[in-house]
Amino acid sequence: MAHKLDRRTVLQGLAGVTLSLPWLEAMGAPEVRQAPARFCALYTANGMSLPNPNHGISDWSWFPKAEGEGFEFGKSTEPLAPFRSQLSFLGGLHHPSGTKADPHLCSDMWLTGAPLHNPRPGTFNSVGIDQVVALHTRQHCRQPSLVLSIDAGVGFLSRTGTISYNVEGRPIPAENNPRRVFDRLFRGDRSSLLAQREQLQRRVRLVDAVLESSRRLNRELGQTDREKMEQYLTALDEIEARLVAAERWIDIPLKPQDVSHLNLDASPEGEPAEYYRNMFDLIALAFDADITRSVAFMLNREDGMGISDTFPLKLGLGQTHHSLSHAGDKDGQLAFAKYDLFLSQQIAGFLSRLQSYRDIDGSVLDNTIVLFGSGASTTHNPTNLPTLVAGGNRLGLKHGRYWRQNDARMSNLFLSILRTLKLEVETFGDSTGTLGDSIFPV
């Protein structure tokens with residue numbers, strides 16, 4: 001157990017060094033010479049609707065009808081049509097490890113590729129692309145990353161509630177409360193930071209006492225308890241990293257923002273569209289103010305878990321999200337597609353908000369790569385992953401097409417994204433190269 005304490009102490013020391021040196025450089029920079037490049041990952045569970053052709057509702061398929069620049073939006077993605085020149089559909093993608101794993105783990109693996117060193121849920125993973133972006137951009141912004149999910153926290157060992165994993169492959173706790181997200185992003189005054197740090201130190205001392213007591217009594221925690229303790233320590237490390245970053249920016253004023261349109265009392269237990277709108281608006285504001293350049297948002301959880309499983313019921317679609325994803329009849333598959341339509345409406349609203357904010361050389365959307373997709377195509381099938389990439393036109397993306405390549409690796413897509421963001425990385429996960437002649441600059 002002493003090793004864990006040493007690891008946390010080392011991480012604290014490293015955070016102070018790696019964050020302070022770039023800060024000194026930022027202080028000496030006379031002006032920002034180019035717009036920031038950003039990344040946002042949006043995940044929905046249970047796959048997308050790909051109706052049985054025999055039902056006669058193929059125009060409700062999430063994937064477009066034709067490949068290339070002549071693709072046609074299906075009815076479930078029509079709200080995205082105004083952004084045709086700023087988005088592309090990608091088909092045929094998969095994670096090689098995904099076909100070997102429990103299919104319920106597809107959300108865990110979506111941003112990582114998760115090498116299967118240990119196939120038991122909650123005990124394996126590798127770093128996610130969002131955290132690679134955060135590691136390369138954290139010196140430029142107040143928060144290394146923003147991790148959100150519909151249910152908050154990390155979920156359970158069998159079903160995680162976050163899609164973000166740190167460099168050790170451990171789940172990063174997500175936030176789901178708009179008011180807490182807003183306070184973290186925009187209300188970090190000196191007194192509140194000091195209070196948060198004091199509270200954090202009390203929690204650290206409590207954990208230290210528990211670990212020391214365990215060692216002194218010569219007792220070892222069971223496997224499940226050790227995993228829970230590791231997750232808790234990871235959460236403390238994440239909180240401390242955020243506080244350290246915020247403290248170093250405390251005397252630099254934020255870009256003025258109009259937040260009158262926010263409803264910070266929106267809740268996942270209330271009206272789904274209102275909740276998503278406010279969460280997306282907070283992300284857009286964070287990007288516009290350059291508070292962070294890396295965001296991951298888990299819109300729904302797998303396998304009927306969490307509050308979002310009831311969203312289709314609130315929308316009058318008759319069944320829960322997970323039940324609809326298993327529907328084999330025409331009515332059920334149509335209702336599932338209409339839930340995809342609802343999600344497309346929310347994504348379109350988010351893209352519109354990003355488009356409305358201006359960078360020095362275009363819109364925030366022009367300098368942001370938005371990834372939207374699922375870890376399964378049809379229910380629990382980890383192949384041909386539904387994937388949409390939007391934004392990034394100023395970064396060189398060539399949009400307005402449906403690109404498809406059978407058995408293409410998601411990790412190759414992630415490497416393409418990282419290279420487009422001008423991050424110095426050689427590989428990502430099990431990548432074998434970039435996607436080549438696709439939507440990304442060569």
# chains A, B, ... in the order shown; residues from 1 in each chain; ligands from 1
>>> residues_around(residues="Ser411 (chain A)", least_positions_apart="4", cutoff="10 Å", atoms="only C-alpha atoms", output="PyMOL selection string")
chain A and resi 93-96+110-113+129+415-417+427-435
>>> write_last_selection(atoms="C-alpha atoms", output="short mmCIF file (atom, residue, chain, number, x, y, z; two decimals), in the first residue's frame")
data_model
loop_
_atom_site.label_atom_id
_atom_site.label_comp_id
_atom_site.auth_asym_id
_atom_site.auth_seq_id
_atom_site.Cartn_x
_atom_site.Cartn_y
_atom_site.Cartn_z
CA LEU A 93 -14.35 1.39 -37.99
CA HIS A 94 -13.67 -0.93 -35.07
CA HIS A 95 -11.34 -1.66 -32.18
CA PRO A 96 -9.51 -4.98 -32.68
CA TRP A 110 -14.31 3.77 -27.16
CA LEU A 111 -11.64 6.45 -26.63
CA THR A 112 -8.82 4.08 -25.69
CA GLY A 113 -8.81 0.87 -27.72
CA ILE A 129 -7.47 10.29 -26.74
CA LEU A 415 -3.97 9.17 -34.52
CA SER A 416 -5.31 11.16 -37.49
CA ILE A 417 -7.14 13.48 -35.09
CA THR A 427 1.26 6.26 -32.34
CA PHE A 428 -1.95 5.86 -30.38
CA GLY A 429 -2.98 2.56 -28.80
CA ASP A 430 -2.89 -0.19 -31.41
CA SER A 431 -2.75 2.20 -34.37
CA THR A 432 -0.94 1.08 -37.51
CA GLY A 433 -0.92 4.56 -39.07
CA THR A 434 -3.40 7.29 -39.93
CA LEU A 435 -6.58 6.83 -41.97
#
>>> closest_atom_pairs(of="region 387-415 of chain A", to="region 352-355 of chain A", cutoff="12 Å", atoms="only C-alpha atoms", output="JSON lines")
{"residue": "A:Ala390", "atom": "CA", "partner": "A:Leu354", "partner_atom": "CA", "distance": 10.9}
{"residue": "A:Gly391", "atom": "CA", "partner": "A:Gln355", "partner_atom": "CA", "distance": 9.0}
{"residue": "A:Gly392", "atom": "CA", "partner": "A:Gln355", "partner_atom": "CA", "distance": 11.1}
{"residue": "A:Asn393", "atom": "CA", "partner": "A:Gln355", "partner_atom": "CA", "distance": 11.5}
>>> write_last_selection(atoms="C-alpha atoms", output="PDB file, in the first residue's frame")
ATOM      1  CA  ALA A 390     -17.566  17.572 -37.358  1.00  0.00           C
ATOM      2  CA  GLY A 391     -15.725  20.873 -37.330  1.00  0.00           C
ATOM      3  CA  GLY A 392     -12.033  21.442 -37.803  1.00  0.00           C
ATOM      4  CA  ASN A 393     -12.325  23.012 -41.268  1.00  0.00           C
TER       5      ASN A 393
END
>>> closest_residue(among="A:Leu385, A:Ile57, A:Leu395, A:Leu80", to="Ala408 (chain A)", atoms="only C-alpha atoms")
A:Leu385
>>> closest_residue(among="A:Glu175, A:Asp340, A:Glu69, A:Glu426", to="Ala45 (chain A)", atoms="only C-alpha atoms")
A:Asp340
>>> closest_residue(among="A:Pro79, A:Gly161, A:Pro144, A:Gly98", to="Arg301 (chain A)", atoms="only C-alpha atoms")
A:Gly161
>>> select_by_dssp(residues="region 308-382 of chain A", states="strand (DSSP E)", output="list in words")
Arg358, Asp359, Gly362, Ser363, Thr368, Ile369, Val370, Leu371, Phe372 and Gly373 of chain A
>>> write_last_selection(atoms="N, CA and C atoms", output="JSON list (two decimals), in the first residue's frame")
[["chain", "number", "residue", "atom", "x", "y", "z"],
["A", 358, "ARG", "N", -16.74, 33.20, -32.11],
["A", 358, "ARG", "CA", -15.72, 33.56, -33.08],
["A", 358, "ARG", "C", -14.31, 33.41, -32.52],
["A", 359, "ASP", "N", -13.44, 32.80, -33.32],
["A", 359, "ASP", "CA", -12.01, 32.80, -33.09],
["A", 359, "ASP", "C", -11.37, 33.88, -33.95],
["A", 362, "GLY", "N", -11.81, 32.48, -37.68],
["A", 362, "GLY", "CA", -13.00, 31.74, -38.05],
["A", 362, "GLY", "C", -13.88, 31.53, -36.84],
["A", 363, "SER", "N", -14.68, 30.48, -36.87],
["A", 363, "SER", "CA", -15.53, 30.18, -35.73],
["A", 363, "SER", "C", -14.84, 29.19, -34.81],
["A", 368, "THR", "N", -12.34, 23.31, -33.89],
["A", 368, "THR", "CA", -12.66, 22.24, -32.94],
["A", 368, "THR", "C", -13.03, 20.97, -33.70],
["A", 369, "ILE", "N", -12.41, 19.87, -33.34],
["A", 369, "ILE", "CA", -12.79, 18.57, -33.90],
["A", 369, "ILE", "C", -13.78, 17.92, -32.93],
["A", 370, "VAL", "N", -15.01, 17.71, -33.41],
["A", 370, "VAL", "CA", -16.06, 17.08, -32.62],
["A", 370, "VAL", "C", -16.25, 15.65, -33.11],
["A", 371, "LEU", "N", -16.08, 14.71, -32.21],
["A", 371, "LEU", "CA", -16.27, 13.29, -32.51],
["A", 371, "LEU", "C", -17.55, 12.82, -31.85],
["A", 372, "PHE", "N", -18.47, 12.26, -32.62],
["A", 372, "PHE", "CA", -19.73, 11.75, -32.08],
["A", 372, "PHE", "C", -19.91, 10.32, -32.57],
["A", 373, "GLY", "N", -20.22, 9.42, -31.65],
["A", 373, "GLY", "CA", -20.42, 8.04, -32.07],
["A", 373, "GLY", "C", -20.78, 7.13, -30.93]]
>>> select_by_dssp(residues="region 25-156 of chain A", states="helix (DSSP H, G or I)", output="number ranges by chain")
A: 25-28, 53-55, 58-60, 78-86, 98-100, 103-109, 129-140
>>> closest_residue(among="A:Gly47, A:Gly328, A:Gly92, A:Pro178", to="Asn263 (chain A)", atoms="only C-alpha atoms")
A:Pro178
>>> residues_around(residues="region 148-159 of chain A", least_positions_apart="4", cutoff="10 Å", atoms="only C-alpha atoms", output="number ranges by chain")
A: 42-43, 104-108, 120-123, 163-165, 170-178, 181, 224, 227-228, 231-232, 235, 267-269, 275-276, 279, 283, 295-303, 305-308
>>> write_last_selection(atoms="N, CA and C atoms", output="short mmCIF file (atom, residue, chain, number, x, y, z; two decimals), in the first residue's frame")
data_model
loop_
_atom_site.label_atom_id
_atom_site.label_comp_id
_atom_site.auth_asym_id
_atom_site.auth_seq_id
_atom_site.Cartn_x
_atom_site.Cartn_y
_atom_site.Cartn_z
N LEU A 42 -18.15 12.97 -27.97
CA LEU A 42 -19.53 12.79 -27.52
C LEU A 42 -19.95 11.35 -27.77
N TYR A 43 -20.37 10.67 -26.73
CA TYR A 43 -20.65 9.24 -26.84
C TYR A 43 -22.11 8.93 -26.52
N HIS A 104 -20.40 -5.40 -23.45
CA HIS A 104 -20.89 -4.32 -22.59
C HIS A 104 -19.78 -3.34 -22.22
N LEU A 105 -18.54 -3.67 -22.58
CA LEU A 105 -17.42 -2.80 -22.24
C LEU A 105 -17.11 -1.80 -23.34
N CYS A 106 -17.95 -1.71 -24.35
CA CYS A 106 -17.60 -0.90 -25.52
C CYS A 106 -17.47 0.58 -25.17
N SER A 107 -18.17 1.07 -24.16
CA SER A 107 -18.00 2.47 -23.80
C SER A 107 -16.66 2.69 -23.11
N ASP A 108 -16.20 1.70 -22.32
CA ASP A 108 -14.90 1.80 -21.68
C ASP A 108 -13.79 1.95 -22.73
N ARG A 120 -11.40 -8.45 -17.12
CA ARG A 120 -12.46 -8.24 -16.14
C ARG A 120 -12.87 -6.78 -16.12
N PRO A 121 -14.17 -6.48 -16.18
CA PRO A 121 -14.62 -5.07 -16.21
C PRO A 121 -14.04 -4.26 -15.08
N GLY A 122 -13.62 -3.05 -15.39
CA GLY A 122 -13.14 -2.13 -14.39
C GLY A 122 -11.69 -2.31 -13.99
N THR A 123 -10.99 -3.31 -14.56
CA THR A 123 -9.62 -3.59 -14.13
C THR A 123 -8.60 -3.41 -15.24
N ILE A 163 -16.27 8.02 -19.93
CA ILE A 163 -15.54 7.51 -21.10
C ILE A 163 -14.11 8.00 -21.09
N SER A 164 -13.68 8.66 -20.01
CA SER A 164 -12.36 9.27 -19.96
C SER A 164 -11.45 8.47 -19.02
N TYR A 165 -10.25 8.14 -19.52
CA TYR A 165 -9.29 7.33 -18.75
C TYR A 165 -7.93 8.00 -18.78
N ARG A 170 -6.97 4.47 -15.67
CA ARG A 170 -8.00 4.49 -14.63
C ARG A 170 -9.08 5.51 -14.99
N PRO A 171 -10.34 5.18 -14.66
CA PRO A 171 -11.45 6.07 -15.03
C PRO A 171 -11.38 7.39 -14.30
N ILE A 172 -11.62 8.47 -15.03
CA ILE A 172 -11.65 9.81 -14.46
C ILE A 172 -13.10 10.16 -14.12
N PRO A 173 -13.37 10.55 -12.89
CA PRO A 173 -14.76 10.86 -12.51
C PRO A 173 -15.35 11.97 -13.38
N ALA A 174 -16.59 11.77 -13.77
CA ALA A 174 -17.28 12.74 -14.61
C ALA A 174 -18.26 13.56 -13.77
N GLU A 175 -18.64 14.71 -14.30
CA GLU A 175 -19.61 15.58 -13.65
C GLU A 175 -20.87 15.65 -14.51
N ASN A 176 -22.04 15.76 -13.86
CA ASN A 176 -23.29 15.84 -14.62
C ASN A 176 -24.20 16.98 -14.19
N ASN A 177 -23.75 17.77 -13.21
CA ASN A 177 -24.59 18.85 -12.69
C ASN A 177 -24.19 20.17 -13.32
N PRO A 178 -25.09 20.82 -14.09
CA PRO A 178 -24.73 22.06 -14.77
C PRO A 178 -24.20 23.15 -13.84
N VAL A 181 -20.67 22.33 -12.82
CA VAL A 181 -19.78 22.55 -13.96
C VAL A 181 -19.52 24.04 -14.16
N THR A 224 -11.70 -6.21 -4.63
CA THR A 224 -12.70 -5.19 -4.94
C THR A 224 -12.44 -3.91 -4.16
N GLU A 227 -9.53 -2.00 -5.63
CA GLU A 227 -9.92 -1.31 -6.85
C GLU A 227 -10.72 -0.05 -6.53
N LYS A 228 -11.62 -0.15 -5.55
CA LYS A 228 -12.38 1.04 -5.16
C LYS A 228 -11.45 2.12 -4.61
N GLN A 231 -9.63 3.82 -7.43
CA GLN A 231 -10.51 4.77 -8.12
C GLN A 231 -10.65 6.05 -7.30
N TYR A 232 -10.73 5.91 -5.99
CA TYR A 232 -10.87 7.09 -5.13
C TYR A 232 -9.60 7.94 -5.19
N ALA A 235 -9.54 9.85 -8.31
CA ALA A 235 -10.43 11.02 -8.23
C ALA A 235 -9.75 12.16 -7.48
N SER A 267 -31.64 19.37 -15.06
CA SER A 267 -31.25 18.11 -14.43
C SER A 267 -31.53 16.95 -15.37
N PRO A 268 -30.71 15.89 -15.32
CA PRO A 268 -31.01 14.70 -16.13
C PRO A 268 -32.31 14.03 -15.73
N GLU A 269 -32.83 14.37 -14.57
CA GLU A 269 -34.12 13.83 -14.16
C GLU A 269 -35.28 14.65 -14.70
N TYR A 275 -31.82 19.58 -20.58
CA TYR A 275 -30.59 19.19 -19.91
C TYR A 275 -29.42 19.17 -20.89
N TYR A 276 -29.59 18.49 -22.01
CA TYR A 276 -28.50 18.42 -22.99
C TYR A 276 -28.13 19.80 -23.51
N MET A 279 -25.86 21.49 -20.99
CA MET A 279 -24.53 20.87 -20.91
C MET A 279 -23.71 21.23 -22.15
N ILE A 283 -20.13 23.49 -22.52
CA ILE A 283 -18.94 23.08 -23.27
C ILE A 283 -18.54 24.18 -24.24
N VAL A 295 -12.59 17.89 -24.13
CA VAL A 295 -13.86 17.57 -23.47
C VAL A 295 -14.29 16.17 -23.86
N ALA A 296 -14.81 15.42 -22.90
CA ALA A 296 -15.44 14.13 -23.16
C ALA A 296 -16.79 14.13 -22.46
N PHE A 297 -17.84 13.79 -23.19
CA PHE A 297 -19.20 13.81 -22.63
C PHE A 297 -19.91 12.52 -23.01
N MET A 298 -20.25 11.74 -21.99
CA MET A 298 -20.98 10.48 -22.17
C MET A 298 -22.47 10.78 -22.07
N LEU A 299 -23.15 10.75 -23.22
CA LEU A 299 -24.57 11.14 -23.27
C LEU A 299 -25.49 10.08 -22.70
N ASN A 300 -25.12 8.82 -22.86
CA ASN A 300 -25.94 7.70 -22.39
C ASN A 300 -25.01 6.58 -21.92
N ARG A 301 -25.54 5.73 -21.05
CA ARG A 301 -24.76 4.59 -20.57
C ARG A 301 -25.27 3.29 -21.16
N GLU A 302 -24.38 2.31 -21.20
CA GLU A 302 -24.69 1.02 -21.82
C GLU A 302 -25.67 0.19 -21.00
N ASP A 303 -26.34 -0.69 -21.72
CA ASP A 303 -27.02 -1.83 -21.11
C ASP A 303 -28.12 -1.47 -20.13
N MET A 305 -28.33 1.02 -18.08
CA MET A 305 -27.87 1.60 -16.81
C MET A 305 -28.11 3.10 -16.82
N GLY A 306 -28.43 3.67 -15.66
CA GLY A 306 -28.45 5.10 -15.51
C GLY A 306 -29.76 5.76 -15.92
N ILE A 307 -29.87 7.04 -15.58
CA ILE A 307 -31.09 7.80 -15.77
C ILE A 307 -31.46 7.97 -17.23
N SER A 308 -30.48 8.02 -18.12
CA SER A 308 -30.79 8.29 -19.52
C SER A 308 -31.53 7.15 -20.20
#
>>> residues_around(residues="Ser97 (chain A)", least_positions_apart="2", cutoff="9 Å", atoms="only C-alpha atoms", output="count of residues only")
10
>>> atom_distance(atom1="CA of Cys141 (chain A)", atom2="CA of Asp290 (chain A)")
6.0 Å
>>> residues_around(residues="Leu264 (chain A)", least_positions_apart="2", cutoff="6 Å", atoms="only C-alpha atoms", output="list in words")
Pro178, Arg179, Leu262 and Ala266 of chain A
>>> write_last_selection(atoms="C-alpha atoms", output="PDB file, in the first residue's frame")
ATOM      1  CA  PRO A 178     -24.726  22.065 -14.771  1.00  0.00           C
ATOM      2  CA  ARG A 179     -24.346  24.343 -11.751  1.00  0.00           C
ATOM      3  CA  LEU A 262     -28.072  29.047 -19.183  1.00  0.00           C
ATOM      4  CA  ALA A 266     -31.456  21.728 -15.524  1.00  0.00           C
TER       5      ALA A 266
END
>>> residues_around(residues="region 254-257 of chain A", least_positions_apart="3", cutoff="9 Å", atoms="only C-alpha atoms", output="number ranges by chain")
A: 186, 285, 288-291
>>> closest_residue(among="A:Gly74, A:Gly318, A:Pro253, A:Gly349", to="Ala284 (chain A)", atoms="only C-alpha atoms")
A:Gly349
>>> atom_distance(atom1="CA of Pro103 (chain A)", atom2="CA of Phe73 (chain A)")
28.2 Å
